[in-house]
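Below: one structure, written as structure tokens.
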Amino acid sequence: MQPSVHEGTQAATTCDAVQVLTPGHHYDILIGAGLLGSAPAWQDLPRAVHAVVVSNPTVHGHYGQTLQRALMARYAKVSTVLLPDGEQHKNWTSLNLIFDHLLSTGCDRRTVLFALGGGVVGDITGFAAATYMRGVPFVQVPTTLLAQVDSSVGGKTAINHPLGKNMVGAFYQPQRVLCDLATLDTLPDRELRAGLAEVIKYGPIADMAFLDWIESQLDALLSRDRQALAHAVRRSCEIKALVVGQDERESGLRAILNFGHTFGHAIETGMGYGQWLHGEAVACGMVIAADLSAELGLIDHSLATRLRQLIERAGLPTQAPPMPMAQWFELMAVDKKAADGDIRYVLLSAPGQARMQAAPADVVERVIWRHTRDPATAAPPA
Ligand SMILES: NC(=O)c1ccc[n+]([C@@H]2O[C@H](COP(=O)([O-])OP(=O)(O)OC[C@H]3O[C@@H](n4cnc5c(N)ncnc54)[C@H](O)[C@@H]3O)[C@@H](O)[C@H]2O)c1
């Protein structure tokens with residue numbers, strides 16, 4: 001689908017498109033305000049009798065009806081399954097709610113699933129689509145900034161395990177990603193800031209000009225300026241699409257997208273899912289990872305400082321919660337990037353570049369300790 005001006009059923013909307021080209025599958029990310037109610041945005045999706053919307057009560061309350069109306073124009077039967085809201089529900093129980101619904105309503109291999117919500121709904125729905133009858137088509141309709149700039153793109157789907165985040169999942173690409181910027185109007189401020197963490201991430205790992213732009217437009221982004229958000233979503237999606245197109249299954253390059261995530265996932269799991277938002281944990285993780293990169297001599301300390309200052313300005317945490325050092329290492333060892341027992345970190349290797357490597361435990365420990373909110377509770381490194 002080419003970028004174009006769409007005449008929507010509710011409102012005309014300007015629509016941008018970014019293509020994701022993986023070896024086995026091509027699809028569009030459509031970006032625009034009012035897309036949910038815009039008939040052309042739903043054209044050319046797989047034909048089926050039955051469409052199933054997966055959402056949660058919060059998001060469905062805002063946008064369920066609009067999506068239902070759009071889908072009724074295309075599918076004879078549209079049903080809905082609502083999952084409990086929150087990261088702590090990204091688990092087997094929620095996944096089974098979807099399977100129960102699909103089986104009890106007679107869904108077959110042609111049934112199309114629509115994930116309406118943030119990254120939690122998107123990740124679970126994608127995993128359900130990947131595994132129901134060994135795979136049914138699905139469409140991502142992300143409604144958080146984080147999901148629009150990151151989680152809905154690239155086909156990583158998963159649920160959490162009590163021992164590790166996103167540990168059970170599959171690579172499975174959607175048929176389309178539909179980012180309606182108007183849905184961001186109702187997003188709580190804390191969630192908007194959490195999404196900005198993943199936007200900021202793309203700068204230091206891939207595009208320093210984008211980092212400059214984010215620094216200059218941060219106030220506009222925080223005040224939800226539509227044009228600024230449109231650019232942030234589009235550029236983030238372009239970078240992610242480029243990376244995923246080269247390394248769909250994370251055998252190398254794609255790991256750079258996990259900058260900050262080794263530390264971030266440890267915080268999320270260690271604090272209990274849902275306590276720290278994913279984007280908050282990643283923000284703090286990026287501060288630690290950038291400092292570690294500087295400490296290892298890969299980048300200048302000024303870049304780590306610059307990143308910390310931007311994250312602070314975005315209202316995101318730069319100090320980790322107190323957690324025993326042994327727990328940090330236990331949690332980081334469960335990370336999917338760990339290989340043969342070695343923890344591997346995504347580090348900045350130059351401004352705008354990142355790579356994955358191991359790091360000496362004593363240096364990691366020193367850096368974590370330096371960024372811990374209440375270091376008195378964690379033993380300082382020797
Ligand atoms: N698959 C990937 O590649 C990938 C990448 C990054 C993150 N993730 C995952 O994404 C998840 C985090 O996603 P998230 O930050 O979107 O959190 P989320 O899905 O929990 O959504 C955040 C909150 O905002 C609410 N919400 C969503 N859209 C709203 C709207 N438009 N208006 C009002 N409220 C709205 C939700 O109900 C929820 O309470 C984590 O589980 C993380 O692991 C996956």
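Convention: chains lettered A, B, ... in structure tokens order; per-chain residue numbering from 1; ligands numbered from 1 as shown.
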
Problem - Spatial neighbours of Ala41 (chain A), max dist 8 Å, only C-alpha atoms, sep filter under 5 positions, as a PyMOL selection string - result: chain A and resi 6+30+35-36+178

Same residues, N, CA and C atoms, saved as a short mmCIF file (atom, residue, chain, number, x, y, z; two decimals), in the first residue's frame:
data_model
loop_
_atom_site.label_atom_id
_atom_site.label_comp_id
_atom_site.auth_asym_id
_atom_site.auth_seq_id
_atom_site.Cartn_x
_atom_site.Cartn_y
_atom_site.Cartn_z
N HIS A 6 -6.34 8.86 2.62
CA HIS A 6 -7.49 7.95 2.65
C HIS A 6 -8.76 8.69 3.00
N LEU A 30 0.91 0.62 8.57
CA LEU A 30 0.21 1.86 8.20
C LEU A 30 0.19 2.79 9.40
N LEU A 35 -7.09 5.98 11.50
CA LEU A 35 -7.07 4.80 10.63
C LEU A 35 -8.09 3.73 11.02
N LEU A 36 -8.37 3.63 12.32
CA LEU A 36 -9.31 2.59 12.77
C LEU A 36 -10.64 2.68 12.03
N LEU A 178 -1.41 -1.71 12.00
CA LEU A 178 -2.19 -0.50 11.76
C LEU A 178 -2.04 0.43 12.96
#

Kindly provide the residues of chain A that approach ligand 1 to within 8 Å, each paired with its closest atom pair and their distance in Å to one decimal, based on only C-alpha atoms and all ligand atoms, listed by chain and increasing number, as JSON lines.
{"residue": "A:Asn56", "atom": "CA", "partner": "ligand 1", "partner_atom_place_in_ligand_line": "37 (O)", "distance": 6.2}
{"residue": "A:Pro57", "atom": "CA", "partner": "ligand 1", "partner_atom_place_in_ligand_line": "37 (O)", "distance": 7.3}
{"residue": "A:Thr58", "atom": "CA", "partner": "ligand 1", "partner_atom_place_in_ligand_line": "37 (O)", "distance": 4.9}
{"residue": "A:Val59", "atom": "CA", "partner": "ligand 1", "partner_atom_place_in_ligand_line": "29 (C)", "distance": 5.2}
{"residue": "A:His62", "atom": "CA", "partner": "ligand 1", "partner_atom_place_in_ligand_line": "32 (N)", "distance": 6.9}
{"residue": "A:Tyr63", "atom": "CA", "partner": "ligand 1", "partner_atom_place_in_ligand_line": "31 (N)", "distance": 8.0}
{"residue": "A:Asp85", "atom": "CA", "partner": "ligand 1", "partner_atom_place_in_ligand_line": "37 (O)", "distance": 5.4}
{"residue": "A:Gly86", "atom": "CA", "partner": "ligand 1", "partner_atom_place_in_ligand_line": "20 (O)", "distance": 4.8}
{"residue": "A:Glu87", "atom": "CA", "partner": "ligand 1", "partner_atom_place_in_ligand_line": "20 (O)", "distance": 5.3}
{"residue": "A:Lys90", "atom": "CA", "partner": "ligand 1", "partner_atom_place_in_ligand_line": "41 (O)", "distance": 6.9}
{"residue": "A:Gly117", "atom": "CA", "partner": "ligand 1", "partner_atom_place_in_ligand_line": "27 (C)", "distance": 5.0}
{"residue": "A:Gly118", "atom": "CA", "partner": "ligand 1", "partner_atom_place_in_ligand_line": "19 (O)", "distance": 3.2}
{"residue": "A:Gly119", "atom": "CA", "partner": "ligand 1", "partner_atom_place_in_ligand_line": "13 (O)", "distance": 3.2}
{"residue": "A:Val120", "atom": "CA", "partner": "ligand 1", "partner_atom_place_in_ligand_line": "19 (O)", "distance": 3.8}
{"residue": "A:Val121", "atom": "CA", "partner": "ligand 1", "partner_atom_place_in_ligand_line": "19 (O)", "distance": 5.6}
{"residue": "A:Gly122", "atom": "CA", "partner": "ligand 1", "partner_atom_place_in_ligand_line": "19 (O)", "distance": 7.3}
{"residue": "A:Asp123", "atom": "CA", "partner": "ligand 1", "partner_atom_place_in_ligand_line": "1 (N)", "distance": 5.4}
{"residue": "A:Pro142", "atom": "CA", "partner": "ligand 1", "partner_atom_place_in_ligand_line": "28 (N)", "distance": 7.3}
{"residue": "A:Thr143", "atom": "CA", "partner": "ligand 1", "partner_atom_place_in_ligand_line": "28 (N)", "distance": 4.2}
{"residue": "A:Thr144", "atom": "CA", "partner": "ligand 1", "partner_atom_place_in_ligand_line": "28 (N)", "distance": 4.5}
{"residue": "A:Leu145", "atom": "CA", "partner": "ligand 1", "partner_atom_place_in_ligand_line": "16 (O)", "distance": 6.9}
{"residue": "A:Leu146", "atom": "CA", "partner": "ligand 1", "partner_atom_place_in_ligand_line": "16 (O)", "distance": 5.1}
{"residue": "A:Ala147", "atom": "CA", "partner": "ligand 1", "partner_atom_place_in_ligand_line": "16 (O)", "distance": 4.8}
{"residue": "A:Asp150", "atom": "CA", "partner": "ligand 1", "partner_atom_place_in_ligand_line": "5 (C)", "distance": 5.1}
{"residue": "A:Ser151", "atom": "CA", "partner": "ligand 1", "partner_atom_place_in_ligand_line": "4 (C)", "distance": 3.4}
{"residue": "A:Ser152", "atom": "CA", "partner": "ligand 1", "partner_atom_place_in_ligand_line": "1 (N)", "distance": 6.1}
{"residue": "A:Val153", "atom": "CA", "partner": "ligand 1", "partner_atom_place_in_ligand_line": "3 (O)", "distance": 6.5}
{"residue": "A:Gly154", "atom": "CA", "partner": "ligand 1", "partner_atom_place_in_ligand_line": "3 (O)", "distance": 6.3}
{"residue": "A:Gly155", "atom": "CA", "partner": "ligand 1", "partner_atom_place_in_ligand_line": "1 (N)", "distance": 6.5}
{"residue": "A:Lys156", "atom": "CA", "partner": "ligand 1", "partner_atom_place_in_ligand_line": "1 (N)", "distance": 4.2}
{"residue": "A:Thr157", "atom": "CA", "partner": "ligand 1", "partner_atom_place_in_ligand_line": "1 (N)", "distance": 5.1}
{"residue": "A:Ala158", "atom": "CA", "partner": "ligand 1", "partner_atom_place_in_ligand_line": "1 (N)", "distance": 7.0}
{"residue": "A:Ile159", "atom": "CA", "partner": "ligand 1", "partner_atom_place_in_ligand_line": "41 (O)", "distance": 7.8}
{"residue": "A:Asn160", "atom": "CA", "partner": "ligand 1", "partner_atom_place_in_ligand_line": "41 (O)", "distance": 7.8}
{"residue": "A:Lys165", "atom": "CA", "partner": "ligand 1", "partner_atom_place_in_ligand_line": "43 (O)", "distance": 7.0}
{"residue": "A:Asn166", "atom": "CA", "partner": "ligand 1", "partner_atom_place_in_ligand_line": "43 (O)", "distance": 6.3}
{"residue": "A:Thr183", "atom": "CA", "partner": "ligand 1", "partner_atom_place_in_ligand_line": "31 (N)", "distance": 4.4}
{"residue": "A:Leu184", "atom": "CA", "partner": "ligand 1", "partner_atom_place_in_ligand_line": "31 (N)", "distance": 4.9}
{"residue": "A:Asp185", "atom": "CA", "partner": "ligand 1", "partner_atom_place_in_ligand_line": "31 (N)", "distance": 6.7}
{"residue": "A:Thr186", "atom": "CA", "partner": "ligand 1", "partner_atom_place_in_ligand_line": "32 (N)", "distance": 4.1}
{"residue": "A:Leu187", "atom": "CA", "partner": "ligand 1", "partner_atom_place_in_ligand_line": "32 (N)", "distance": 3.8}
{"residue": "A:Pro188", "atom": "CA", "partner": "ligand 1", "partner_atom_place_in_ligand_line": "33 (C)", "distance": 6.1}
{"residue": "A:Glu191", "atom": "CA", "partner": "ligand 1", "partner_atom_place_in_ligand_line": "22 (C)", "distance": 6.0}
{"residue": "A:Ala194", "atom": "CA", "partner": "ligand 1", "partner_atom_place_in_ligand_line": "15 (O)", "distance": 6.5}
{"residue": "A:Gly195", "atom": "CA", "partner": "ligand 1", "partner_atom_place_in_ligand_line": "15 (O)", "distance": 6.3}
{"residue": "A:Glu198", "atom": "CA", "partner": "ligand 1", "partner_atom_place_in_ligand_line": "6 (C)", "distance": 7.6}
{"residue": "A:Gly274", "atom": "CA", "partner": "ligand 1", "partner_atom_place_in_ligand_line": "20 (O)", "distance": 7.9}
{"residue": "A:Leu277", "atom": "CA", "partner": "ligand 1", "partner_atom_place_in_ligand_line": "15 (O)", "distance": 6.7}
{"residue": "A:His278", "atom": "CA", "partner": "ligand 1", "partner_atom_place_in_ligand_line": "12 (C)", "distance": 5.4}
{"residue": "A:Gly279", "atom": "CA", "partner": "ligand 1", "partner_atom_place_in_ligand_line": "15 (O)", "distance": 6.2}

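Residues lying within 10 Å of Ala281 (chain A), counting only C-alpha atoms and ignoring same-chain neighbours fewer than 5 positions away, are Ala194, Ala197, Gly260, His261, Thr262, Phe263, Gly264, His265, Ala266, Ile267, Glu268, Thr269, Gln275, Trp276, Met286, Leu316, Pro317, Thr318, Gln319, Ala320 and Pro321 of chain A.
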
Could you pull out all residues of region 67-187 of chain A with a DSSP call of alpha helix (DSSP H) and give them as a tab-separated table (two decimals) with N, CA and C atoms, in the first residue's frame?
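File result.tsv, as written:
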chain	number	residue	atom	x	y	z
A	67	LEU	N	-13.47	-0.49	15.95
A	67	LEU	CA	-12.85	-1.61	15.24
A	67	LEU	C	-13.92	-2.61	14.80
A	68	GLN	N	-14.86	-2.89	15.68
A	68	GLN	CA	-15.94	-3.83	15.36
A	68	GLN	C	-16.67	-3.39	14.08
A	69	ARG	N	-16.98	-2.09	14.02
A	69	ARG	CA	-17.69	-1.55	12.83
A	69	ARG	C	-16.86	-1.75	11.57
A	70	ALA	N	-15.57	-1.44	11.68
A	70	ALA	CA	-14.70	-1.56	10.50
A	70	ALA	C	-14.63	-3.02	10.04
A	71	LEU	N	-14.58	-3.95	10.98
A	71	LEU	CA	-14.42	-5.36	10.62
A	71	LEU	C	-15.72	-5.96	10.10
A	72	MET	N	-16.86	-5.44	10.60
A	72	MET	CA	-18.15	-5.99	10.15
A	72	MET	C	-18.35	-5.75	8.66
A	92	TRP	N	0.09	-18.00	30.57
A	92	TRP	CA	-0.66	-19.14	30.03
A	92	TRP	C	-2.16	-18.97	30.21
A	93	THR	N	-2.56	-18.41	31.35
A	93	THR	CA	-4.00	-18.30	31.63
A	93	THR	C	-4.67	-17.43	30.58
A	94	SER	N	-4.04	-16.28	30.26
A	94	SER	CA	-4.62	-15.40	29.24
A	94	SER	C	-4.59	-16.08	27.87
A	95	LEU	N	-3.47	-16.73	27.59
A	95	LEU	CA	-3.35	-17.41	26.30
A	95	LEU	C	-4.48	-18.43	26.15
A	96	ASN	N	-4.76	-19.15	27.22
A	96	ASN	CA	-5.82	-20.16	27.18
A	96	ASN	C	-7.20	-19.56	27.00
A	97	LEU	N	-7.39	-18.33	27.53
A	97	LEU	CA	-8.68	-17.67	27.31
A	97	LEU	C	-8.93	-17.49	25.81
A	98	ILE	N	-7.85	-17.18	25.09
A	98	ILE	CA	-7.99	-17.00	23.63
A	98	ILE	C	-8.32	-18.36	22.98
A	99	PHE	N	-7.55	-19.40	23.36
A	99	PHE	CA	-7.80	-20.71	22.75
A	99	PHE	C	-9.22	-21.20	23.08
A	100	ASP	N	-9.65	-20.97	24.33
A	100	ASP	CA	-11.02	-21.38	24.71
A	100	ASP	C	-12.04	-20.72	23.78
A	101	HIS	N	-11.83	-19.43	23.56
A	101	HIS	CA	-12.77	-18.69	22.70
A	101	HIS	C	-12.72	-19.22	21.26
A	102	LEU	N	-11.52	-19.41	20.74
A	102	LEU	CA	-11.38	-19.83	19.34
A	102	LEU	C	-12.04	-21.20	19.14
A	103	LEU	N	-11.82	-22.11	20.09
A	103	LEU	CA	-12.37	-23.46	19.94
A	103	LEU	C	-13.88	-23.48	20.17
A	104	SER	N	-14.32	-22.73	21.17
A	104	SER	CA	-15.76	-22.81	21.50
A	104	SER	C	-16.62	-22.07	20.47
A	119	GLY	N	1.52	-3.68	23.92
A	119	GLY	CA	2.43	-4.79	23.66
A	119	GLY	C	2.01	-6.09	24.33
A	120	VAL	N	1.31	-5.98	25.46
A	120	VAL	CA	0.89	-7.21	26.14
A	120	VAL	C	-0.13	-7.96	25.29
A	121	VAL	N	-1.18	-7.26	24.87
A	121	VAL	CA	-2.20	-7.88	24.02
A	121	VAL	C	-1.56	-8.35	22.71
A	122	GLY	N	-0.69	-7.51	22.14
A	122	GLY	CA	-0.06	-7.85	20.86
A	122	GLY	C	0.80	-9.10	20.95
A	123	ASP	N	1.60	-9.19	22.00
A	123	ASP	CA	2.50	-10.35	22.14
A	123	ASP	C	1.72	-11.64	22.38
A	124	ILE	N	0.68	-11.57	23.23
A	124	ILE	CA	-0.09	-12.80	23.51
A	124	ILE	C	-0.90	-13.22	22.28
A	125	THR	N	-1.53	-12.24	21.64
A	125	THR	CA	-2.36	-12.57	20.47
A	125	THR	C	-1.49	-13.16	19.35
A	126	GLY	N	-0.31	-12.57	19.17
A	126	GLY	CA	0.60	-13.09	18.14
A	126	GLY	C	0.99	-14.53	18.43
A	127	PHE	N	1.22	-14.83	19.71
A	127	PHE	CA	1.60	-16.20	20.06
A	127	PHE	C	0.42	-17.15	19.87
A	128	ALA	N	-0.78	-16.67	20.22
A	128	ALA	CA	-1.98	-17.49	19.99
A	128	ALA	C	-2.13	-17.76	18.49
A	129	ALA	N	-1.92	-16.72	17.68
A	129	ALA	CA	-2.06	-16.88	16.22
A	129	ALA	C	-1.01	-17.85	15.67
A	130	ALA	N	0.19	-17.77	16.24
A	130	ALA	CA	1.28	-18.64	15.76
A	130	ALA	C	0.99	-20.11	16.05
A	131	THR	N	0.22	-20.37	17.10
A	131	THR	CA	0.09	-21.76	17.56
A	131	THR	C	-1.31	-22.35	17.36
A	145	LEU	N	2.17	3.89	22.49
A	145	LEU	CA	3.33	4.36	21.72
A	145	LEU	C	4.36	3.24	21.63
A	146	LEU	N	4.55	2.55	22.75
A	146	LEU	CA	5.55	1.47	22.76
A	146	LEU	C	5.21	0.41	21.71

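The smallest atom-to-atom distance between Val177 (chain A) and any of A:Gly272, A:Gly32, A:Pro324, A:Gly352, using only C-alpha atoms, is found for A:Gly32.
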
Handout entry: Contacts of Ser79 (chain A) within 8 Å, only C-alpha atoms, excl. fewer than 4 positions in-chain, as a VMD selection string
Key = chain A and resid 50 to 53

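The smallest atom-to-atom distance between Arg235 (chain A) and any of A:Val334, A:Ala290, A:Ala17, A:Ala73, using only C-alpha atoms, is found for A:Ala17.
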
Name all residues at most 12 Å from Ser302 (chain A) (count only C-alpha atoms; drop same-chain ones fewer than 5 positions away) and give them as an mmCIF file with C-alpha atoms, in the first residue's frame.
data_model
loop_
_atom_site.group_PDB
_atom_site.id
_atom_site.type_symbol
_atom_site.label_atom_id
_atom_site.label_comp_id
_atom_site.auth_asym_id
_atom_site.auth_seq_id
_atom_site.Cartn_x
_atom_site.Cartn_y
_atom_site.Cartn_z
ATOM 1 C CA ALA A 290 25.589 2.989 28.031
ATOM 2 C CA ASP A 291 27.649 3.487 31.162
ATOM 3 C CA SER A 293 29.948 0.681 27.210
ATOM 4 C CA ALA A 294 31.842 3.784 28.359
ATOM 5 C CA GLU A 295 33.447 1.931 31.233
ATOM 6 C CA GLY A 297 36.205 2.099 26.595
ATOM 7 C CA LEU A 307 21.603 9.583 26.941
ATOM 8 C CA ARG A 308 21.011 9.679 30.690
ATOM 9 C CA GLN A 309 20.081 13.350 30.525
ATOM 10 C CA ALA A 350 30.259 3.896 18.586
ATOM 11 C CA PRO A 351 27.690 6.690 18.366
#

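Going from CA of Cys179 (chain A) over to CA of Ala314 (chain A), you cover 22.2 Å.
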
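Each of A:Gly64, A:Gly203, A:Gly315, A:Pro322 was checked against Val141 (chain A) using only C-alpha atoms; the smallest atom-to-atom distance is that of A:Gly64.
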
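Residues in contact range of Glu248 (chain A), defined as at most 10 Å between only C-alpha atoms, with sequence neighbours fewer than 6 positions away removed, read A:Leu21, A:Thr22, A:Pro23, A:Gly24, A:Gly154, A:Gly155, A:Lys156, A:Phe171, A:Tyr172, A:Gln173, A:Ala241, A:Leu242, A:Arg254.
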
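Between Arg370 (chain A) and the residues A:Lys336, A:Ala326, A:Asp180, A:Val287, the shortest atom-to-atom distance, using only C-alpha atoms, involves A:Val287.
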
Problem - Within 9 Å of region 219-225 of chain A using only C-alpha atoms, minus same-chain residues under 5 positions, as a ChimeraX atom specification - result: /A:184-185,189,192-193,196,214,230,232,314

Practice task
Tell me which of A:Val54, A:Leu310, A:Ile288, A:Val282 sits closest to Trp369 (chain A), counting only C-alpha atoms.
Solution key: A:Ile288

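The space separating CA of Lys77 (chain A) from CA of Leu116 (chain A) comes to 17.0 Å.
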